[in-house]
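Engineer: Let me begin by handing over the structure; questions about it come next.
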Amino acid sequence: MAADDSEAFKQFFHQLYPRFYRLAFYYVKSDVLSEELVSDVFMKLWNNRKNLPEITRLDFYFFQSVKNQAFTYLKKEAKVSVIDNDTLKSSRIEYNQPENILIASELADKIEASISQLPDKCEMIFRLVREEGMSYKAVAELLDIAPKTVENQMHIALKKLKVTLDEYQHAHVEFSSVSIWLLLLLLHAGI
């Protein structure tokens with residue numbers, strides 16, 4: 001497509017249009033609007049085809065483009081208020097003590113790093129289910145895979161995240177034990 005091959009673009013369009021349409025429909029719940037949003041994404045893709053070789057993860061790029069197009073429409077129509085992810089994350093956890101804020105931030109960074117290290121398809125499935133709130137069935141339909149595959153990929157992702165959390169908790173508990181031991185030692189020494 002980057003080399004102006006319209007036939008490659010047609011094949012790409014026919015292969016991925018149903019998935020993009022289902023994703024758009026998931027957000028806007030309108031056949032006509034979904035078609036329009038997906039057509040806009042493909043039009044932008046064709047107009048910016050020279051930049052395609054720079055994109056390393058095409059699947060995420062295109063899904064994100066459709067999602068962004070849907071959110072832009074919804075925001076413009078005032079049907080949904082879009083909340084910035086950082087604002088959403090910070091509003092979920094409110095701590096009074098700076099140490100707890102640091103711990104929560106560090107843990108969130110470790111979790112995000114762990115999710116980013118998942119295999120591409122596993123990461124995409126995890127994000128669609130956990131971040132977008134889609135059901136296993138909806139993700140399976142969107143990606144044109146079996147619901148059991150979605151379930152298996154979620155199991156893999158959650159298992160990896162559990163390992164990350166266990167490692168973090170173990171390191172944090174060791175730090176806390178050392179800190180308490182040092183504090184007791186200082187108190188006993190009268191410092």
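Each chain of the structure tokens is named A, B, ... in the order shown, its residues numbered from 1; ligands are numbered from 1 in display order.
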Show me, as a list of chain:residue names, the residues that have an atom within 7 Å of stretch 140-146 of chain A when counting only C-alpha atoms, minus same-chain residues fewer than 4 positions from it.

Structural biologist: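 Here the answer would be A:Arg19, A:Arg22, A:Leu23, A:Tyr136, A:Val150.
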
Engineer: List the neighbours of A:Phe20 out to 8 Å using only C-alpha atoms; skip same-chain residues closer than 3 positions along the sequence, and give me the result as a PyMOL selection string.

Structural biologist: chain A and resi 16-17+23-24+38+63+66+142

Engineer: Run DSSP on the backbone and give me the residues of stretch 112-168 of chain A it puts in alpha helix (DSSP H), as JSON, numbers by chain.

Structural biologist: {"A": [112, 113, 114, 115, 116, 120, 121, 122, 123, 124, 125, 126, 136, 137, 138, 139, 140, 141, 142, 143, 147, 148, 149, 150, 151, 152, 153, 154, 155, 156, 157, 158, 159, 160, 161, 162, 163, 164, 165, 166, 167, 168]}

Engineer: Which one is closest to A:Lys160: A:Glu36, A:Leu118, A:Glu132, A:Lys137? Count only C-alpha atoms.

Structural biologist: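 Residue with the minimum atom-to-atom distance to A:Lys160: A:Leu118.
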
Engineer: Rank nothing, just name the residue among A:Met134, A:Ser114, A:Lys29, A:His155 nearest to A:Tyr168, using only C-alpha atoms.

Structural biologist: A:Ser114

Engineer: Could you state the separation of atom CA of A:Leu45 and atom CA of A:His14 in Å, given to one decimal place?

Structural biologist: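 Interatomic distance here is 14.1 Å.
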
Engineer: Skipping near chain neighbours, those fewer than 6 positions away, what residues fall within 12 Å of A:Phe13 using only C-alpha atoms, listed as a list in words?

Structural biologist: Met1, Ser6, Glu7, Arg19, Phe20, Tyr21, Val38, Ser39, Val41, Phe42, Met43, Leu45, Trp46 and Phe62 of chain A

Engineer: Using C-alpha atoms, can you write the selected residues to a file as a PDB file, in the first residue's frame?

Structural biologist:
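See again27.pdb below for the written result:
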ATOM      1  CA  MET A   1       0.000   0.000   0.000  1.00  0.00           C
ATOM      2  CA  SER A   6      -4.429   0.157  -4.950  1.00  0.00           C
ATOM      3  CA  GLU A   7      -4.971  -3.598  -5.336  1.00  0.00           C
ATOM      4  CA  ARG A  19     -13.493  -6.255  12.104  1.00  0.00           C
ATOM      5  CA  PHE A  20     -13.258  -2.468  11.993  1.00  0.00           C
ATOM      6  CA  TYR A  21     -16.993  -2.216  11.426  1.00  0.00           C
ATOM      7  CA  VAL A  38     -14.616   2.990   9.202  1.00  0.00           C
ATOM      8  CA  SER A  39     -14.649   4.572   5.739  1.00  0.00           C
ATOM      9  CA  VAL A  41     -10.308   5.549   8.833  1.00  0.00           C
ATOM     10  CA  PHE A  42      -9.594   3.797   5.534  1.00  0.00           C
ATOM     11  CA  MET A  43      -9.569   7.144   3.723  1.00  0.00           C
ATOM     12  CA  LEU A  45      -5.018   5.336   5.819  1.00  0.00           C
ATOM     13  CA  TRP A  46      -4.895   5.708   2.045  1.00  0.00           C
ATOM     14  CA  PHE A  62      -5.781   0.464  13.100  1.00  0.00           C
TER      15      PHE A  62
END

Engineer: Tell me which of A:Tyr61, A:Asn51, A:Phe71, A:Thr164 sits closest to A:Ala108, counting only C-alpha atoms.

Structural biologist: A:Thr164
